[in-house]
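Student: To be precise about what I am sending: the file is called model.txt and holds compact mmCIF, C-alpha atoms.
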# COMPACT_ATOMS: atom_id res chain seq x y z
CA MET A 1 -14.89 -21.66 -27.37
CA SER A 2 -12.74 -22.66 -24.49
CA ASP A 3 -12.93 -26.08 -22.96
CA PRO A 4 -13.98 -25.91 -19.24
CA GLU A 5 -11.52 -28.68 -18.37
CA GLN A 6 -8.64 -26.73 -19.93
CA GLU A 7 -9.76 -23.61 -17.99
CA GLN A 8 -9.69 -25.61 -14.77
CA HIS A 9 -6.13 -26.84 -15.32
CA ARG A 10 -4.49 -23.66 -16.55
CA PRO A 11 -1.60 -22.39 -14.41
CA TRP A 12 -2.14 -19.73 -11.74
CA GLU A 13 -1.16 -16.31 -13.08
CA GLU A 14 0.96 -14.48 -10.51
CA GLY A 15 -0.43 -11.08 -11.49
CA GLY A 16 -3.84 -12.31 -12.55
CA PRO A 17 -7.02 -10.70 -11.27
CA GLU A 18 -8.01 -13.87 -9.40
CA ARG A 19 -4.88 -13.71 -7.26
CA LEU A 20 -5.33 -10.02 -6.52
CA TYR A 21 -8.96 -10.67 -5.57
CA VAL A 22 -7.89 -13.38 -3.12
CA ILE A 23 -5.09 -11.26 -1.62
CA THR A 24 -7.46 -8.36 -0.84
CA SER A 25 -10.46 -10.55 0.08
CA GLY A 26 -12.32 -8.92 -2.78
CA ARG A 27 -11.87 -5.35 -1.53
CA LYS A 28 -10.98 -2.65 -4.04
CA THR A 29 -10.47 0.06 -1.44
CA PRO A 30 -9.36 0.00 2.18
CA ASP A 31 -12.07 -0.63 4.79
CA ARG A 32 -10.89 2.34 6.83
CA HIS A 33 -9.98 5.82 5.71
CA ALA A 34 -6.25 5.77 5.23
CA SER A 35 -4.20 8.74 4.19
CA LEU A 36 -1.62 6.67 2.37
CA ASP A 37 -0.04 8.02 -0.77
CA MET A 38 2.84 6.81 -2.90
CA VAL A 39 5.50 8.48 -0.72
CA THR A 40 4.12 7.58 2.72
CA LEU A 41 6.82 5.71 4.60
CA ILE A 42 5.94 2.39 6.23
CA VAL A 43 7.95 0.83 9.08
CA SER A 44 7.43 -2.55 10.77
CA ARG A 45 6.66 -2.64 14.48
CA GLY A 46 7.70 -6.27 14.92
CA GLU A 47 7.73 -9.61 13.20
CA PRO A 48 4.96 -11.21 11.12
CA GLY A 49 2.31 -12.85 13.26
CA PRO A 50 1.54 -16.56 13.21
CA GLY A 51 -0.97 -17.50 10.55
CA MET A 52 -0.45 -14.25 8.64
CA GLN A 53 -1.01 -14.48 4.89
CA PRO A 54 2.18 -14.41 2.75
CA GLU A 55 1.76 -10.93 1.27
CA PRO A 56 1.13 -9.04 4.55
CA ALA A 57 3.93 -11.06 6.16
CA ALA A 58 6.26 -10.04 3.34
CA ILE A 59 5.38 -6.38 3.90
CA VAL A 60 6.16 -6.67 7.62
CA ARG A 61 9.48 -8.42 6.86
CA ILE A 62 10.75 -5.94 4.26
CA CYS A 63 9.77 -2.83 6.22
CA GLY A 64 12.46 -3.20 8.88
CA TYR A 65 13.60 0.21 7.67
CA PRO A 66 11.26 2.83 6.17
CA LEU A 67 9.98 2.06 2.68
CA SER A 68 7.50 4.09 0.66
CA VAL A 69 4.22 2.60 -0.51
CA ALA A 70 5.57 2.75 -4.07
CA GLU A 71 8.73 0.83 -3.09
CA ILE A 72 6.71 -1.88 -1.35
CA SER A 73 4.55 -2.19 -4.45
CA ALA A 74 7.64 -2.56 -6.64
CA TYR A 75 9.39 -5.08 -4.37
CA LEU A 76 6.32 -7.30 -4.10
CA HIS A 77 5.24 -6.87 -7.74
CA LEU A 78 1.73 -5.91 -6.66
CA PRO A 79 -0.38 -2.89 -7.68
CA VAL A 80 -0.38 0.09 -5.32
CA SER A 81 -4.14 -0.34 -4.82
CA VAL A 82 -3.58 -3.86 -3.44
CA ILE A 83 -0.69 -2.70 -1.24
CA THR A 84 -2.86 0.12 0.15
CA VAL A 85 -5.60 -2.35 1.15
CA LEU A 86 -3.04 -4.62 2.85
CA LEU A 87 -1.29 -1.72 4.57
CA THR A 88 -4.56 -0.42 5.98
CA ASP A 89 -5.15 -3.81 7.60
CA LEU A 90 -1.57 -3.92 8.92
CA LEU A 91 -1.88 -0.39 10.33
CA ALA A 92 -5.11 -1.32 12.11
CA SER A 93 -3.52 -4.44 13.63
CA GLY A 94 -0.42 -2.52 14.74
CA HIS A 95 2.05 -4.53 12.67
CA VAL A 96 3.30 -1.43 10.83
CA GLU A 97 3.19 2.32 11.28
CA ALA A 98 2.96 5.04 8.66
CA ARG A 99 5.13 8.12 8.66
CA ALA A 100 4.89 11.17 6.46
CA SER A 101 7.76 11.33 4.01
CA ALA A 102 10.53 13.86 4.59
CA LEU A 103 9.24 15.75 1.56
CA THR A 104 5.75 16.07 3.06
CA GLN A 105 7.12 17.00 6.49
CA SER A 106 9.30 19.78 5.11
CA LEU A 107 6.53 21.60 3.22
CA PRO A 108 5.71 25.02 4.68
CA ASP A 109 2.30 25.75 6.14
CA VAL A 110 -0.21 26.91 3.49
CA GLU A 111 -1.55 29.65 5.78
CA LEU A 112 1.95 31.02 6.27
CA LEU A 113 2.54 31.11 2.51
CA GLU A 114 -0.78 32.91 1.97
CA ALA A 115 0.06 35.47 4.66
CA VAL A 116 3.45 36.14 3.07
CA MET A 117 1.87 36.44 -0.37
CA HIS A 118 -0.75 38.92 0.88
CA GLY A 119 1.95 40.89 2.68
CA LEU A 120 4.01 41.13 -0.51
CA GLN A 121 0.97 42.17 -2.53
CA ASN A 122 0.27 44.99 -0.06
CA LEU A 123 3.76 46.48 -0.48
Starting from the coordinates I provided, produce the structure as structure tokens.

Tutor:
Amino acid sequence: MSDPEQEQHRPWEEGGPERLYVITSGRKTPDRHASLDMVTLIVSRGEPGPGMQPEPAAIVRICGYPLSVAEISAYLHLPVSVITVLLTDLLASGHVEARASALTQSLPDVELLEAVMHGLQNL
């Protein structure tokens, strides 16, 4: 059995579930529907606001140039799920903006591909 006093005095684990719970205010998913994926690019629209928590402020600071959600997760050593919750809040407050990655932007229209495929099948 563990001693409650020892439990109370153990060091804070940087990646522990308690810390992640505090960072996201207990949310597992974003409050709003966000179409963020691993390659969505995030760019700051200014400086961190006064009184901003350290993790969202860090996101705003490092996104002076476009970074993907996956890169932000790696730089801050936080799970993508936590980053997505924080980014949704930052998007809603206008601190950052999301941009589709170049890969996503360059994909052809599905309807066009289907029309070409049907045209080729009819030859």

Student: Which residue, A:Asn122, A:Ser73, A:Gln53, A:Ser68, has the smallest gap to Leu90 in chain A when you use only C-alpha atoms?

Tutor: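 Nearest candidate to Leu90 in chain A out of A:Asn122, A:Ser73, A:Gln53, A:Ser68: A:Gln53.
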
Student: Just the residues within 9 Å of Leu67 in chain A, please, counting all atoms listed in the file, with nothing from its chain fewer than 5 positions along; format it as a list of chain:residue names.

Tutor: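 Using all atoms listed in the file, the neighbours found are A:Val39, A:Thr40, A:Leu41, A:Ile42, A:Val43, A:Ile62, A:Ile72.
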
Student: What is the CA of Pro50 in chain A to CA of Ala70 in chain A distance in Å?

Tutor: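 About the pair CA of Pro50 in chain A and CA of Ala70 in chain A: they are 26.2 Å apart.
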
Student: Here is a test: counting all atoms listed in the file, which residue of A:Leu91, A:Ile59, A:Ala98, A:Met52 is nearest to Met38 in chain A?

Tutor: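 Once distances to Met38 in chain A are computed over all atoms listed in the file, the minimum belongs to A:Ala98.
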
Student: What lies within 8 Å of Val60 in chain A using all atoms listed in the file, ignoring chain neighbours under 5 positions off, as a tab-separated table (two decimals) with C-alpha atoms, in the coordinates of the input?

Tutor:
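And here is the file that came out, result_7.tsv:
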chain	number	residue	atom	x	y	z
A	43	VAL	CA	7.95	0.83	9.08
A	44	SER	CA	7.43	-2.55	10.77
A	45	ARG	CA	6.66	-2.64	14.48
A	46	GLY	CA	7.70	-6.27	14.92
A	47	GLU	CA	7.73	-9.61	13.20
A	48	PRO	CA	4.96	-11.21	11.12
A	95	HIS	CA	2.05	-4.53	12.67
A	96	VAL	CA	3.30	-1.43	10.83

Student: Which residue, A:Ala100, A:His118, A:Gly94, A:Asp109, has the smallest gap to Gly49 in chain A when you use all atoms listed in the file?

Tutor: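 Of all the options, A:Gly94 lies closest to Gly49 in chain A.
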
Student: Between CA of Gly51 in chain A and CA of Leu78 in chain A, what is the distance in Å, rounded to a tenth?

Tutor: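 Between CA of Gly51 in chain A and CA of Leu78 in chain A the gap is 20.9 Å.
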
Student: Draw an axis-aligned box over all listed atoms of range 76-93 of chain A, pad each side with 6 Å, and write its centre and edge lengths in Å, one decimal, as JSON.

Tutor:
{"center_x": 0.4, "center_y": -3.6, "center_z": 2.9, "size_x": 23.9, "size_y": 19.4, "size_z": 33.4}

Student: For CA of Val116 in chain A and CA of Asp37 in chain A, quote the distance in Å rounded to one decimal.

Tutor: 28.6 Å

Student: Since the input is missing atoms for range 62-90 of chain A, could you rebuild it with N, CA and C atoms and give the result as a PDB file, keeping the file's coordinate frame?

Tutor:
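Okay, this is what ended up in part_11.pdb:
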ATOM      1  N   ILE A  62       9.882  -6.851   5.019  1.00  0.00           N
ATOM      2  CA  ILE A  62      10.750  -5.940   4.260  1.00  0.00           C
ATOM      3  C   ILE A  62      10.757  -4.523   4.793  1.00  0.00           C
ATOM      4  N   CYS A  63       9.843  -4.206   5.702  1.00  0.00           N
ATOM      5  CA  CYS A  63       9.770  -2.830   6.220  1.00  0.00           C
ATOM      6  C   CYS A  63      10.518  -2.673   7.542  1.00  0.00           C
ATOM      7  N   GLY A  64      11.615  -3.375   7.695  1.00  0.00           N
ATOM      8  CA  GLY A  64      12.460  -3.200   8.880  1.00  0.00           C
ATOM      9  C   GLY A  64      13.063  -1.805   8.915  1.00  0.00           C
ATOM     10  N   TYR A  65      13.215  -1.196   7.776  1.00  0.00           N
ATOM     11  CA  TYR A  65      13.600   0.210   7.670  1.00  0.00           C
ATOM     12  C   TYR A  65      12.544   0.873   6.785  1.00  0.00           C
ATOM     13  N   PRO A  66      12.365   2.171   6.886  1.00  0.00           N
ATOM     14  CA  PRO A  66      11.260   2.830   6.170  1.00  0.00           C
ATOM     15  C   PRO A  66      11.304   2.620   4.664  1.00  0.00           C
ATOM     16  N   LEU A  67      10.174   2.202   4.126  1.00  0.00           N
ATOM     17  CA  LEU A  67       9.980   2.060   2.680  1.00  0.00           C
ATOM     18  C   LEU A  67       8.707   2.798   2.300  1.00  0.00           C
ATOM     19  N   SER A  68       8.714   3.415   1.131  1.00  0.00           N
ATOM     20  CA  SER A  68       7.500   4.090   0.660  1.00  0.00           C
ATOM     21  C   SER A  68       6.517   3.053   0.137  1.00  0.00           C
ATOM     22  N   VAL A  69       5.268   3.470   0.038  1.00  0.00           N
ATOM     23  CA  VAL A  69       4.220   2.600  -0.510  1.00  0.00           C
ATOM     24  C   VAL A  69       4.610   2.161  -1.920  1.00  0.00           C
ATOM     25  N   ALA A  70       5.155   3.077  -2.699  1.00  0.00           N
ATOM     26  CA  ALA A  70       5.570   2.750  -4.070  1.00  0.00           C
ATOM     27  C   ALA A  70       6.688   1.705  -4.079  1.00  0.00           C
ATOM     28  N   GLU A  71       7.639   1.813  -3.154  1.00  0.00           N
ATOM     29  CA  GLU A  71       8.730   0.830  -3.090  1.00  0.00           C
ATOM     30  C   GLU A  71       8.203  -0.550  -2.706  1.00  0.00           C
ATOM     31  N   ILE A  72       7.295  -0.594  -1.753  1.00  0.00           N
ATOM     32  CA  ILE A  72       6.710  -1.880  -1.350  1.00  0.00           C
ATOM     33  C   ILE A  72       6.002  -2.516  -2.535  1.00  0.00           C
ATOM     34  N   SER A  73       5.259  -1.706  -3.262  1.00  0.00           N
ATOM     35  CA  SER A  73       4.550  -2.190  -4.450  1.00  0.00           C
ATOM     36  C   SER A  73       5.539  -2.779  -5.462  1.00  0.00           C
ATOM     37  N   ALA A  74       6.642  -2.086  -5.677  1.00  0.00           N
ATOM     38  CA  ALA A  74       7.640  -2.560  -6.640  1.00  0.00           C
ATOM     39  C   ALA A  74       8.323  -3.834  -6.161  1.00  0.00           C
ATOM     40  N   TYR A  75       8.699  -3.888  -4.895  1.00  0.00           N
ATOM     41  CA  TYR A  75       9.390  -5.080  -4.370  1.00  0.00           C
ATOM     42  C   TYR A  75       8.500  -6.319  -4.424  1.00  0.00           C
ATOM     43  N   LEU A  76       7.215  -6.152  -4.139  1.00  0.00           N
ATOM     44  CA  LEU A  76       6.320  -7.300  -4.100  1.00  0.00           C
ATOM     45  C   LEU A  76       5.612  -7.568  -5.421  1.00  0.00           C
ATOM     46  N   HIS A  77       5.856  -6.715  -6.413  1.00  0.00           N
ATOM     47  CA  HIS A  77       5.240  -6.870  -7.740  1.00  0.00           C
ATOM     48  C   HIS A  77       3.723  -6.922  -7.643  1.00  0.00           C
ATOM     49  N   LEU A  78       3.170  -6.013  -6.819  1.00  0.00           N
ATOM     50  CA  LEU A  78       1.730  -5.910  -6.660  1.00  0.00           C
ATOM     51  C   LEU A  78       1.300  -4.469  -6.922  1.00  0.00           C
ATOM     52  N   PRO A  79       0.091  -4.257  -7.440  1.00  0.00           N
ATOM     53  CA  PRO A  79      -0.380  -2.890  -7.680  1.00  0.00           C
ATOM     54  C   PRO A  79      -0.476  -2.094  -6.377  1.00  0.00           C
ATOM     55  N   VAL A  80      -0.299  -0.787  -6.484  1.00  0.00           N
ATOM     56  CA  VAL A  80      -0.380   0.090  -5.320  1.00  0.00           C
ATOM     57  C   VAL A  80      -1.737  -0.038  -4.641  1.00  0.00           C
ATOM     58  N   SER A  81      -2.800  -0.214  -5.408  1.00  0.00           N
ATOM     59  CA  SER A  81      -4.140  -0.340  -4.820  1.00  0.00           C
ATOM     60  C   SER A  81      -4.221  -1.561  -3.894  1.00  0.00           C
ATOM     61  N   VAL A  82      -3.596  -2.642  -4.275  1.00  0.00           N
ATOM     62  CA  VAL A  82      -3.580  -3.860  -3.440  1.00  0.00           C
ATOM     63  C   VAL A  82      -2.730  -3.610  -2.193  1.00  0.00           C
ATOM     64  N   ILE A  83      -1.575  -3.003  -2.378  1.00  0.00           N
ATOM     65  CA  ILE A  83      -0.690  -2.700  -1.240  1.00  0.00           C
ATOM     66  C   ILE A  83      -1.403  -1.792  -0.247  1.00  0.00           C
ATOM     67  N   THR A  84      -2.144  -0.807  -0.735  1.00  0.00           N
ATOM     68  CA  THR A  84      -2.860   0.120   0.150  1.00  0.00           C
ATOM     69  C   THR A  84      -3.896  -0.621   0.996  1.00  0.00           C
ATOM     70  N   VAL A  85      -4.621  -1.558   0.396  1.00  0.00           N
ATOM     71  CA  VAL A  85      -5.600  -2.350   1.150  1.00  0.00           C
ATOM     72  C   VAL A  85      -4.880  -3.161   2.234  1.00  0.00           C
ATOM     73  N   LEU A  86      -3.788  -3.809   1.872  1.00  0.00           N
ATOM     74  CA  LEU A  86      -3.040  -4.620   2.850  1.00  0.00           C
ATOM     75  C   LEU A  86      -2.439  -3.756   3.947  1.00  0.00           C
ATOM     76  N   LEU A  87      -1.895  -2.599   3.574  1.00  0.00           N
ATOM     77  CA  LEU A  87      -1.290  -1.720   4.570  1.00  0.00           C
ATOM     78  C   LEU A  87      -2.319  -1.178   5.554  1.00  0.00           C
ATOM     79  N   THR A  88      -3.507  -0.899   5.094  1.00  0.00           N
ATOM     80  CA  THR A  88      -4.560  -0.420   5.980  1.00  0.00           C
ATOM     81  C   THR A  88      -4.867  -1.468   7.052  1.00  0.00           C
ATOM     82  N   ASP A  89      -4.925  -2.724   6.635  1.00  0.00           N
ATOM     83  CA  ASP A  89      -5.150  -3.810   7.600  1.00  0.00           C
ATOM     84  C   ASP A  89      -3.985  -3.919   8.576  1.00  0.00           C
ATOM     85  N   LEU A  90      -2.762  -3.814   8.060  1.00  0.00           N
ATOM     86  CA  LEU A  90      -1.570  -3.920   8.920  1.00  0.00           C
ATOM     87  C   LEU A  90      -1.461  -2.734   9.881  1.00  0.00           C
TER      88      LEU A  90
END
